[in-house]
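A.B. asks: Structure supplied as structure-v5.txt; contents: compact mmCIF, C-alpha atoms and all ligand atoms.
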# COMPACT_ATOMS: atom_id res chain seq x y z
CA MET A 1 4.98 -6.99 7.33
CA PRO A 2 4.15 -8.68 10.57
CA GLY A 3 1.39 -6.99 12.62
CA PHE A 4 -0.19 -10.39 13.22
CA GLU A 5 3.06 -11.60 14.83
CA VAL A 6 2.59 -9.21 17.75
CA PHE A 7 -1.15 -9.75 18.34
CA GLY A 8 -1.61 -10.09 22.08
CA ALA A 9 -3.22 -8.90 25.29
CA GLU A 10 -3.42 -5.25 24.15
CA GLU A 11 -5.50 -6.16 21.10
CA ARG A 12 -7.73 -8.48 23.14
CA LYS A 13 -8.36 -5.72 25.68
CA GLN A 14 -9.37 -3.23 23.00
CA VAL A 15 -11.71 -5.74 21.35
CA ASN A 16 -13.17 -6.67 24.74
CA ASP A 17 -14.09 -3.02 25.36
CA VAL A 18 -16.31 -3.29 22.29
CA LEU A 19 -17.63 -6.76 23.06
CA GLU A 20 -18.75 -5.69 26.53
CA SER A 21 -21.15 -3.11 25.15
CA GLY A 22 -21.97 -5.07 21.99
CA ILE A 23 -21.94 -1.89 19.91
CA LEU A 24 -20.03 -3.19 16.90
CA MET A 25 -20.76 -0.16 14.71
CA ARG A 26 -18.67 2.98 14.62
CA TYR A 27 -21.61 5.40 14.43
CA GLY A 28 -24.46 6.16 16.80
CA PHE A 29 -25.80 4.28 19.87
CA ASP A 30 -24.11 6.93 22.00
CA ALA A 31 -25.73 5.97 25.29
CA MET A 32 -25.01 2.25 24.96
CA ARG A 33 -21.35 2.26 23.97
CA ASN A 34 -19.72 2.90 27.38
CA GLY A 35 -17.82 5.85 25.93
CA HIS A 36 -15.93 3.67 23.42
CA TRP A 37 -15.38 5.12 19.95
CA LYS A 38 -12.56 2.93 18.65
CA ALA A 39 -12.72 4.03 15.00
CA LYS A 40 -12.65 7.69 16.00
CA GLU A 41 -9.83 7.05 18.47
CA PHE A 42 -7.78 5.26 15.81
CA GLU A 43 -8.37 8.05 13.28
CA GLU A 44 -7.15 10.73 15.67
CA ALA A 45 -4.09 8.75 16.75
CA PHE A 46 -3.24 7.77 13.17
CA ALA A 47 -3.49 11.33 11.85
CA GLU A 48 -1.14 12.41 14.62
CA ARG A 49 1.35 9.60 13.95
CA MET A 50 1.30 10.41 10.21
CA GLN A 51 1.63 14.16 10.92
CA VAL A 52 -1.46 15.11 8.93
CA ASN A 53 -4.64 16.96 9.80
CA HIS A 54 -7.17 14.31 8.81
CA CYS A 55 -7.74 10.57 8.62
CA GLN A 56 -10.69 8.48 7.43
CA LEU A 57 -10.77 4.79 8.31
CA VAL A 58 -12.40 2.40 5.85
CA SER A 59 -12.90 -1.32 5.37
CA SER A 60 -9.71 -2.14 3.43
CA GLY A 61 -6.72 -0.70 1.60
CA THR A 62 -8.50 -1.26 -1.69
CA SER A 63 -11.52 0.72 -0.52
CA ALA A 64 -9.16 3.41 0.81
CA LEU A 65 -7.85 3.88 -2.73
CA THR A 66 -11.35 3.97 -4.23
CA VAL A 67 -12.61 6.37 -1.55
CA ALA A 68 -9.55 8.62 -1.98
CA LEU A 69 -10.04 8.81 -5.75
CA ALA A 70 -13.78 9.41 -5.41
CA SER A 71 -13.18 12.09 -2.78
CA ALA A 72 -10.97 13.99 -5.20
CA GLY A 73 -13.70 13.92 -7.83
CA ILE A 74 -12.18 11.25 -10.06
CA GLY A 75 -14.74 9.31 -12.08
CA ALA A 76 -15.61 7.73 -15.41
CA GLY A 77 -13.04 8.26 -18.15
CA ASP A 78 -10.46 9.97 -15.93
CA GLU A 79 -7.00 8.46 -16.34
CA VAL A 80 -4.96 7.40 -13.32
CA ILE A 81 -1.29 6.59 -13.82
CA MET A 82 -0.14 3.52 -11.84
CA PRO A 83 2.93 1.25 -11.91
CA THR A 84 3.35 -2.20 -13.50
CA PHE A 85 4.65 -3.53 -10.18
CA THR A 86 2.03 -3.25 -7.45
CA PHE A 87 -0.86 -5.25 -6.01
CA VAL A 88 -4.01 -5.86 -8.11
CA ALA A 89 -5.84 -3.43 -5.78
CA SER A 90 -4.38 -0.52 -7.76
CA PHE A 91 -6.33 -1.14 -10.95
CA GLU A 92 -9.32 -2.59 -9.09
CA SER A 93 -9.80 0.62 -7.12
CA ILE A 94 -9.52 2.77 -10.26
CA MET A 95 -11.80 0.66 -12.47
CA MET A 96 -14.40 0.47 -9.70
CA LEU A 97 -15.12 4.14 -10.44
CA GLY A 98 -15.15 3.74 -14.21
CA ALA A 99 -11.81 5.53 -14.29
CA VAL A 100 -9.05 4.21 -16.53
CA PRO A 101 -5.78 2.77 -15.20
CA VAL A 102 -2.75 3.71 -17.27
CA LEU A 103 0.12 1.33 -16.54
CA VAL A 104 3.59 2.84 -16.58
CA ASP A 105 7.11 1.43 -16.24
CA ILE A 106 9.07 1.22 -13.02
CA ASP A 107 12.79 1.92 -12.57
CA ASP A 108 15.49 0.77 -10.14
CA THR A 109 13.43 2.17 -7.23
CA LEU A 110 10.89 -0.60 -8.11
CA THR A 111 8.29 2.16 -8.28
CA LEU A 112 7.06 4.61 -10.94
CA ASP A 113 9.76 5.99 -13.26
CA PRO A 114 9.10 9.78 -13.34
CA ALA A 115 10.22 10.08 -16.99
CA ALA A 116 7.83 7.30 -18.06
CA VAL A 117 5.06 8.97 -16.05
CA GLU A 118 5.51 12.29 -17.82
CA ALA A 119 5.49 10.54 -21.20
CA ALA A 120 2.14 8.88 -20.37
CA ILE A 121 0.24 12.09 -19.55
CA THR A 122 -2.73 12.91 -21.81
CA PRO A 123 -5.46 15.57 -21.56
CA ARG A 124 -7.53 13.01 -19.63
CA THR A 125 -4.90 12.32 -16.95
CA ARG A 126 -6.12 13.37 -13.50
CA CYS A 127 -3.98 11.53 -11.00
CA ILE A 128 -0.58 9.92 -10.43
CA MET A 129 -0.69 7.00 -8.03
CA PRO A 130 2.78 5.86 -6.94
CA VAL A 131 2.87 2.61 -4.97
CA HIS A 132 5.60 2.39 -2.34
CA MET A 133 6.25 -1.32 -2.79
CA CYS A 134 8.02 -3.58 -0.34
CA GLY A 135 9.00 -0.97 2.21
CA SER A 136 10.52 1.74 0.02
CA MET A 137 9.23 4.70 -1.92
CA ALA A 138 8.84 6.35 -5.28
CA ASP A 139 10.76 9.52 -6.09
CA LEU A 140 8.02 11.69 -4.64
CA LYS A 141 9.76 14.97 -5.29
CA ALA A 142 10.03 14.30 -9.02
CA LEU A 143 6.42 13.09 -9.13
CA LYS A 144 5.17 16.12 -7.20
CA ASN A 145 6.94 18.42 -9.68
CA ILE A 146 5.14 16.66 -12.54
CA CYS A 147 1.82 16.96 -10.70
CA GLU A 148 2.34 20.68 -10.22
CA LYS A 149 3.34 21.17 -13.85
CA TYR A 150 0.24 19.39 -15.21
CA ASN A 151 -2.16 20.14 -12.35
CA LEU A 152 -2.60 16.50 -11.31
CA LEU A 153 -3.46 14.83 -8.03
CA LEU A 154 -0.68 12.93 -6.20
CA LEU A 155 -2.14 9.92 -4.40
CA GLU A 156 0.33 7.74 -2.49
CA ASP A 157 -0.37 4.06 -1.97
CA ALA A 158 1.63 3.53 1.21
CA CYS A 159 0.03 0.17 2.07
CA GLN A 160 3.41 -1.62 2.05
CA ALA A 161 5.59 1.14 3.46
CA ILE A 162 3.85 2.48 6.56
CA GLY A 163 6.36 4.21 8.81
CA GLY A 164 8.87 5.00 6.04
CA THR A 165 9.64 8.67 5.34
CA PHE A 166 10.59 11.00 2.49
CA GLU A 167 12.13 14.42 3.15
CA GLY A 168 11.42 13.62 6.80
CA LYS A 169 7.69 13.29 6.18
CA PRO A 170 5.81 10.02 6.79
CA LEU A 171 5.02 8.20 3.54
CA GLY A 172 1.40 8.87 2.65
CA SER A 173 1.57 12.44 3.96
CA TYR A 174 3.66 13.89 1.12
CA GLY A 175 1.06 13.77 -1.64
CA ASP A 176 -2.44 15.25 -1.72
CA LEU A 177 -3.84 12.01 -0.32
CA GLY A 178 -2.28 8.87 1.14
CA CYS A 179 -3.73 5.38 1.51
CA PHE A 180 -2.97 2.51 3.90
CA SER A 181 -4.08 -1.08 4.35
CA PHE A 182 -4.47 -2.88 7.66
CA ASP A 183 -5.20 -6.29 6.17
CA PHE A 184 -3.86 -9.33 7.98
CA VAL A 185 -0.36 -9.35 6.47
CA LYS A 186 0.46 -5.66 6.74
CA THR A 187 2.91 -4.01 9.18
CA ILE A 188 0.01 -3.17 11.49
CA THR A 189 -3.32 -4.95 11.07
CA CYS A 190 -6.99 -4.54 11.97
CA GLY A 191 -7.81 -7.98 10.54
CA GLU A 192 -9.30 -5.99 7.66
CA GLY A 193 -9.15 -2.23 7.34
CA GLY A 194 -7.68 0.76 5.59
CA ALA A 195 -7.16 4.49 5.93
CA VAL A 196 -7.11 7.64 3.82
CA ILE A 197 -5.07 10.58 5.11
CA SER A 198 -4.77 14.16 3.90
CA ASN A 199 -4.02 17.68 4.97
CA PHE A 200 -6.94 18.90 2.87
CA GLU A 201 -10.15 18.99 4.84
CA HIS A 202 -12.47 18.87 1.82
CA TYR A 203 -11.05 15.54 0.63
CA ILE A 204 -11.61 13.95 4.02
CA THR A 205 -15.09 15.46 4.36
CA ASN A 206 -15.88 13.89 0.99
CA ALA A 207 -14.26 10.60 2.08
CA ASP A 208 -16.27 10.59 5.30
CA GLN A 209 -19.50 10.92 3.34
CA TYR A 210 -18.60 8.63 0.45
CA GLN A 211 -17.62 5.68 2.67
CA ASP A 212 -21.00 5.80 4.47
CA HIS A 213 -23.71 6.06 1.80
CA GLY A 214 -23.30 9.82 1.49
CA HIS A 215 -24.22 10.54 5.14
CA ASP A 216 -23.28 14.10 6.10
CA HIS A 217 -22.70 12.94 9.72
CA ASP A 218 -24.28 16.14 10.97
CA GLY A 219 -25.99 15.81 14.35
CA ASN A 220 -26.63 12.48 16.11
CA ASP A 221 -29.71 11.08 14.41
CA ARG A 222 -28.51 8.94 11.50
CA GLY A 223 -31.95 8.66 10.00
CA ALA A 224 -32.36 12.43 9.86
CA GLU A 225 -28.99 13.11 8.22
CA THR A 226 -28.92 14.33 4.63
CA HIS A 227 -26.89 12.97 1.72
CA PRO A 228 -25.16 15.73 -0.25
CA HIS A 229 -23.66 13.18 -2.71
CA LEU A 230 -24.09 9.60 -3.78
CA GLY A 231 -21.97 7.32 -1.67
CA TYR A 232 -21.28 3.68 -0.92
CA ASN A 233 -20.53 1.47 2.07
CA PHE A 234 -16.84 1.13 2.82
CA ARG A 235 -17.19 1.46 6.61
CA ILE A 236 -14.86 -0.25 9.06
CA SER A 237 -16.43 -2.07 11.99
CA GLU A 238 -15.75 -1.01 15.55
CA LEU A 239 -14.22 -4.46 16.25
CA ASN A 240 -11.63 -4.11 13.51
CA ALA A 241 -10.84 -0.54 14.53
CA ALA A 242 -10.29 -1.71 18.13
CA VAL A 243 -7.56 -4.10 16.97
CA GLY A 244 -5.95 -1.20 15.11
CA VAL A 245 -5.86 1.02 18.19
CA ALA A 246 -3.67 -1.56 19.94
CA GLN A 247 -1.53 -2.25 16.86
CA LEU A 248 -0.82 1.43 16.30
CA GLY A 249 0.68 1.53 19.78
CA LYS A 250 3.21 -1.06 18.64
CA ILE A 251 4.22 0.44 15.30
CA ASP A 252 7.48 2.06 16.40
CA THR A 253 8.64 -1.11 18.14
CA ILE A 254 7.84 -3.10 14.98
CA LEU A 255 9.79 -0.63 12.81
CA ASP A 256 12.81 -0.74 15.14
CA ILE A 257 12.97 -4.54 15.06
CA GLN A 258 12.48 -4.64 11.29
CA LYS A 259 15.37 -2.22 10.83
CA LYS A 260 17.62 -4.33 13.03
CA HIS A 261 16.81 -7.57 11.19
CA TYR A 262 17.01 -5.94 7.76
CA THR A 263 20.44 -4.51 8.55
CA ILE A 264 21.83 -7.90 9.62
CA MET A 265 20.51 -9.51 6.42
CA ARG A 266 21.74 -6.69 4.20
CA ASN A 267 25.23 -6.65 5.71
CA ALA A 268 25.50 -10.41 5.25
CA ILE A 269 24.84 -10.36 1.50
CA SER A 270 26.28 -6.97 0.53
CA GLY A 271 29.67 -8.46 -0.29
CA VAL A 272 28.31 -11.21 -2.53
CA GLU A 273 29.46 -10.76 -6.12
CA GLY A 274 26.64 -9.69 -8.43
CA VAL A 275 24.25 -8.60 -5.67
CA THR A 276 23.17 -4.94 -5.77
CA PHE A 277 20.42 -3.19 -3.88
CA ARG A 278 17.27 -1.41 -4.90
CA ARG A 279 17.73 2.37 -5.14
CA VAL A 280 16.08 4.39 -2.39
CA PRO A 281 15.39 7.97 -3.56
CA GLU A 282 17.47 10.68 -1.87
CA THR A 283 16.15 11.64 1.62
CA GLY A 284 14.04 8.45 1.70
CA VAL A 285 13.97 6.16 4.73
CA GLU A 286 12.55 2.66 4.25
CA ASN A 287 10.20 0.94 6.69
CA TYR A 288 12.43 -2.16 6.40
CA SER A 289 9.60 -4.63 5.82
CA PHE A 290 11.51 -6.27 2.94
CA LEU A 291 15.13 -6.50 1.82
CA ASN A 292 15.08 -5.97 -1.97
CA PHE A 293 18.03 -6.71 -4.21
CA PHE A 294 19.04 -7.33 -7.82
CA LEU A 295 20.97 -10.13 -9.47
CA PRO A 296 22.86 -9.41 -12.73
CA ASP A 297 20.13 -10.94 -14.95
CA GLY A 298 16.83 -12.83 -14.90
CA GLU A 299 18.30 -16.29 -15.23
CA THR A 300 20.66 -15.78 -12.30
CA ALA A 301 17.83 -14.28 -10.24
CA GLN A 302 15.66 -17.36 -10.79
CA LYS A 303 18.53 -19.63 -9.77
CA ALA A 304 19.18 -17.45 -6.72
CA HIS A 305 15.52 -17.56 -5.72
CA LYS A 306 15.51 -21.34 -5.96
CA ALA A 307 18.74 -21.58 -3.96
CA LEU A 308 17.28 -19.35 -1.24
CA LEU A 309 14.17 -21.49 -0.91
CA GLU A 310 16.24 -24.67 -0.86
CA ALA A 311 18.39 -23.16 1.90
CA GLY A 312 15.24 -22.71 3.98
CA VAL A 313 14.97 -18.93 3.48
CA ASP A 314 11.18 -18.79 3.36
CA GLY A 315 9.50 -15.47 2.62
CA SER A 316 11.72 -14.77 -0.38
CA PHE A 317 9.80 -13.58 -3.42
CA TYR A 318 10.47 -13.54 -7.14
CA TRP A 319 7.80 -11.09 -8.30
CA PHE A 320 8.45 -11.42 -12.03
CA THR A 321 6.41 -14.63 -12.19
CA ASN A 322 4.05 -13.84 -9.29
CA ASN A 323 0.28 -13.93 -9.96
CA TRP A 324 -0.64 -10.88 -7.87
CA HIS A 325 2.05 -8.23 -8.05
CA TYR A 326 3.35 -7.85 -11.59
CA ILE A 327 1.66 -7.33 -14.92
CA ASN A 328 2.97 -10.69 -16.20
CA GLY A 329 0.55 -12.40 -13.82
CA TRP A 330 -2.50 -10.26 -14.68
CA GLU A 331 -4.02 -12.11 -17.60
CA HIS A 332 -7.49 -11.20 -16.32
CA LEU A 333 -6.64 -7.51 -16.66
CA ARG A 334 -4.88 -7.83 -20.02
CA GLU A 335 -7.94 -9.65 -21.43
CA LEU A 336 -10.47 -7.51 -19.47
CA LYS A 337 -12.16 -10.64 -18.13
CA SER A 338 -15.00 -8.97 -16.27
CA MET A 339 -18.07 -10.82 -14.95
CA GLY A 340 -20.34 -8.12 -16.29
CA SER A 341 -19.94 -5.46 -18.92
CA LEU A 342 -17.27 -2.86 -18.14
CA PRO A 343 -17.93 0.89 -18.42
CA ALA A 344 -17.62 2.15 -22.00
CA GLU A 345 -14.82 4.55 -21.02
CA ILE A 346 -12.63 1.70 -19.84
CA LYS A 347 -13.30 -0.38 -22.96
CA GLU A 348 -12.54 2.53 -25.24
CA GLN A 349 -9.56 4.14 -23.52
CA MET A 350 -7.67 1.27 -21.92
CA GLN A 351 -4.21 0.67 -23.41
CA ASP A 352 -3.71 -2.74 -25.05
CA LEU A 353 -1.68 -4.37 -22.30
CA ASN A 354 -0.79 -7.32 -24.51
CA THR A 355 1.18 -5.12 -26.87
CA THR A 356 2.38 -2.20 -24.72
CA ASP A 357 6.15 -2.25 -24.30
CA PHE A 358 7.09 -2.82 -20.67
CA SER A 359 10.64 -4.01 -21.36
CA GLN A 360 12.05 -1.48 -18.89
CA SER A 361 9.88 -2.96 -16.11
CA ASP A 362 10.82 -6.47 -17.22
CA HIS A 363 14.48 -5.50 -17.03
CA TRP A 364 14.21 -4.61 -13.33
CA MET A 365 11.58 -7.10 -12.20
CA SER A 366 13.26 -10.12 -13.78
CA ARG A 367 16.37 -9.40 -11.69
CA THR A 368 14.62 -8.60 -8.39
CA ILE A 369 14.33 -10.73 -5.26
CA SER A 370 12.62 -9.53 -2.08
CA CYS A 371 13.07 -11.15 1.32
CA LEU A 372 10.39 -10.58 3.93
CA VAL A 373 11.55 -9.23 7.30
CA LYS A 374 9.71 -10.63 10.32
CA VAL A 375 9.72 -9.32 13.89
CA GLY A 376 9.31 -12.63 15.71
CA TRP A 377 12.78 -13.94 14.88
CA SER A 378 15.33 -14.23 17.67
CA GLU A 379 18.74 -12.62 17.14
CA GLU A 380 20.18 -16.11 16.61
CA GLU A 381 17.55 -16.94 13.99
CA VAL A 382 18.26 -13.75 12.06
CA GLN A 383 22.00 -14.41 12.11
CA LYS A 384 21.43 -17.96 10.89
CA ARG A 385 19.07 -16.77 8.16
CA ALA A 386 21.52 -14.08 7.04
CA ALA A 387 24.32 -16.66 6.84
CA SER A 388 22.08 -19.03 4.81
CA MET A 389 21.24 -16.19 2.44
CA LYS A 390 24.90 -15.37 1.94
CA GLU A 391 25.78 -19.00 1.34
CA ALA A 392 22.91 -19.62 -1.08
CA LEU A 393 23.63 -16.48 -3.10
CA SER A 394 27.38 -17.13 -3.17
CA SER A 395 26.77 -20.66 -4.46
CA ILE A 396 25.27 -19.47 -7.72
C1 LIG B 401 -2.42 -4.77 0.60
C2 LIG B 401 -2.32 -3.74 -0.46
C3 LIG B 401 -3.45 -3.07 -0.95
C4 LIG B 401 -4.86 -3.45 -0.62
O1 LIG B 401 -5.15 -3.61 0.68
P1 LIG B 401 -6.37 -4.56 1.17
O2 LIG B 401 -6.57 -4.04 2.56
O3 LIG B 401 -5.88 -5.96 1.14
O4 LIG B 401 -7.51 -4.29 0.29
C5 LIG B 401 -3.26 -2.06 -1.87
N1 LIG B 401 -2.04 -1.74 -2.32
C6 LIG B 401 -0.95 -2.38 -1.90
C7 LIG B 401 0.38 -1.97 -2.41
C8 LIG B 401 -1.05 -3.42 -0.97
O5 LIG B 401 0.04 -4.08 -0.59
Would you mind writing the structure in this file as structure tokens?

C.D. replies:
Amino acid sequence: MPGFEVFGAEERKQVNDVLESGILMRYGFDAMRNGHWKAKEFEEAFAERMQVNHCQLVSSGTSALTVALASAGIGAGDEVIMPTFTFVASFESIMMLGAVPVLVDIDDTLTLDPAAVEAAITPRTRCIMPVHMCGSMADLKALKNICEKYNLLLLEDACQAIGGTFEGKPLGSYGDLGCFSFDFVKTITCGEGGAVISNFEHYITNADQYQDHGHDHDGNDRGAETHPHLGYNFRISELNAAVGVAQLGKIDTILDIQKKHYTIMRNAISGVEGVTFRRVPETGVENYSFLNFFLPDGETAQKAHKALLEAGVDGSFYWFTNNWHYINGWEHLRELKSMGSLPAEIKEQMQDLNTTDFSQSDHWMSRTISCLVKVGWSEEEVQKRAASMKEALSSI
């Protein structure tokens, strides 16, 4: 996920446009900003690239998730179904609103298992939040069917799979709402930033207000605007948005290179005994930011991971013991170690994560290795890396 690898003259030019006027804020100061509205420009271009009607930029991917949930009216005590394999932002964004994260098993797609999702639905469930981890997607069709059956919101976390598609639609555009991160290690970056997209105007109107203290953004006198609802500050700065304008122009080149490098790596190891690949749901196209594969069992996977690192294959991840991406590493969540008191709804309704059975997730995660795909590698470097991967995996 290498947006930072391609930072260059285009990004500097966009940022300079903003620096020349000194108007670092996305709203107001119309006469002083030399016609530059970088956040607005990014929003319009991003909505078009994602084939949706609306986009709201915010300060991070985590705030995108919070703003999306808030915009759909989710609040205290509402249950949001999320996977056991994701980034900590998933439960952070839910708990921020006093809503309750319900953790559910993944399957061989490394994302939400639709059967486990359906089994977890209660009268308080309001939303299903699949997370398209490591470049590939959840079975969105199955999840959408469940959402329609139970009248739930489908919110896609596409932070790690920007540019991938399902049924020909860009990931993030298939559900009711989609969220993206432009933090420094994502496929395209703003330094820090995020986006909410939707085809439903009322969600994005709500998002627009919620991310800016409730401002209705009516007219051009900020002080005179009204505040139909309580809001917060999740605004992006004009400087960060400017970086994003340039990065968005590079997204298709990045995706093409990722696909090329991924394919070389995949072909190299596909013949190795015991190596199988993560399932991509039918009609799905990955964004190729990671190559994800399984070993026959956890012990072999740990040996394989060690062998890869020893062979110099950096950027290979064994998530099962990772502090940030799998429930095994989230002791702070399991023990609800909050600095202050948590909302009563969370304390009362939260599942006991120390005793809930996640053996199905363990089964898949303990066998999984993911190798990061970078764009800066030369053809020779990719070939060499692919050969090292093959050799390391064959050796165990
Ligand atoms: C990066 C990421 C986020 C959060 O994005 P930030 O911009 O870092 O807040 C959320 N979900 C997933 C899956 C991510 O990878």

A.B. asks: What lies within 12 Å of Ala9 in chain A using all atoms listed in the file, ignoring chain neighbours under 4 positions off, as a ChimeraX atom specification?

C.D. replies: /A:13-16,243,246-247

A.B. asks: Please identify every polymer residue within 6 Å of ligand LIG 401 (chain B), using only C-alpha atoms and all ligand atoms, and present the set as a list in words.

C.D. replies: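 The distance check yields Ser60, Gly61, Thr62, Thr86, Phe87, Ala89, Val131, Met133, Cys159, Gln160, Ser181, Phe182, Asp183, Gly193 and Gly194 of chain A.
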
A.B. asks: Can you tell me how far CA of Ser237 in chain A sits from CA of Gly178 in chain A, in Å to one decimal?

C.D. replies: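 That distance, rounded to one decimal, is 20.9 Å.
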
A.B. asks: Taking 4 positions as the minimum chain separation for residues in the same chain, which residues sit within 10 Å of range 362-369 of chain A when counting only C-alpha atoms? Answer as a short mmCIF file (atom, residue, chain, number, x, y, z; two decimals) with C-alpha atoms, keeping the file's coordinate frame.

C.D. replies:
data_model
loop_
_atom_site.label_atom_id
_atom_site.label_comp_id
_atom_site.auth_asym_id
_atom_site.auth_seq_id
_atom_site.Cartn_x
_atom_site.Cartn_y
_atom_site.Cartn_z
CA THR A 84 3.35 -2.20 -13.50
CA PHE A 85 4.65 -3.53 -10.18
CA ASP A 105 7.11 1.43 -16.24
CA ILE A 106 9.07 1.22 -13.02
CA ASP A 107 12.79 1.92 -12.57
CA ASP A 108 15.49 0.77 -10.14
CA THR A 109 13.43 2.17 -7.23
CA LEU A 110 10.89 -0.60 -8.11
CA VAL A 275 24.25 -8.60 -5.67
CA THR A 276 23.17 -4.94 -5.77
CA PHE A 277 20.42 -3.19 -3.88
CA ARG A 278 17.27 -1.41 -4.90
CA PHE A 290 11.51 -6.27 2.94
CA LEU A 291 15.13 -6.50 1.82
CA ASN A 292 15.08 -5.97 -1.97
CA PHE A 293 18.03 -6.71 -4.21
CA PHE A 294 19.04 -7.33 -7.82
CA LEU A 295 20.97 -10.13 -9.47
CA PRO A 296 22.86 -9.41 -12.73
CA ASP A 297 20.13 -10.94 -14.95
CA GLY A 298 16.83 -12.83 -14.90
CA GLU A 299 18.30 -16.29 -15.23
CA THR A 300 20.66 -15.78 -12.30
CA ALA A 301 17.83 -14.28 -10.24
CA GLN A 302 15.66 -17.36 -10.79
CA ALA A 304 19.18 -17.45 -6.72
CA HIS A 305 15.52 -17.56 -5.72
CA LEU A 308 17.28 -19.35 -1.24
CA SER A 316 11.72 -14.77 -0.38
CA PHE A 317 9.80 -13.58 -3.42
CA TYR A 318 10.47 -13.54 -7.14
CA TRP A 319 7.80 -11.09 -8.30
CA PHE A 320 8.45 -11.42 -12.03
CA THR A 321 6.41 -14.63 -12.19
CA TYR A 326 3.35 -7.85 -11.59
CA ILE A 327 1.66 -7.33 -14.92
CA ASN A 328 2.97 -10.69 -16.20
CA ASP A 357 6.15 -2.25 -24.30
CA PHE A 358 7.09 -2.82 -20.67
#

A.B. asks: Calculate how many Å separate CA of Ala39 in chain A from CA of Leu97 in chain A, rounding to one decimal.

C.D. replies: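 CA of Leu97 in chain A lies at a distance of 25.6 Å from CA of Ala39 in chain A.
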
A.B. asks: Select, from A:Tyr262, A:Trp37, A:Tyr27, A:Phe184, the residue with the minimum atom-to-atom distance to Ser289 in chain A, counting only C-alpha atoms.

C.D. replies: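 Smallest separation from Ser289 in chain A among the options: A:Tyr262.
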
A.B. asks: Neighbouring residues of Trp330 in chain A were defined as those with any atom within 9 Å, considering all atoms listed in the file; residues of the same chain fewer than 6 positions away were excluded. Please report them as a list of chain:residue names.

C.D. replies: A:Val88, A:Asn323, A:Trp324

A.B. asks: Go ahead and write the residues just picked, C-alpha atoms, as a compact mmCIF listing (two decimals), in the coordinates of the input.

C.D. replies:
# COMPACT_ATOMS: atom_id res chain seq x y z
CA VAL A 88 -4.01 -5.86 -8.11
CA ASN A 323 0.28 -13.93 -9.96
CA TRP A 324 -0.64 -10.88 -7.87

A.B. asks: Counting only C-alpha atoms, which of A:Glu148, A:Asp208, A:Glu273, A:Glu167 gets nearest to Ser394 in chain A?

C.D. replies: A:Glu273
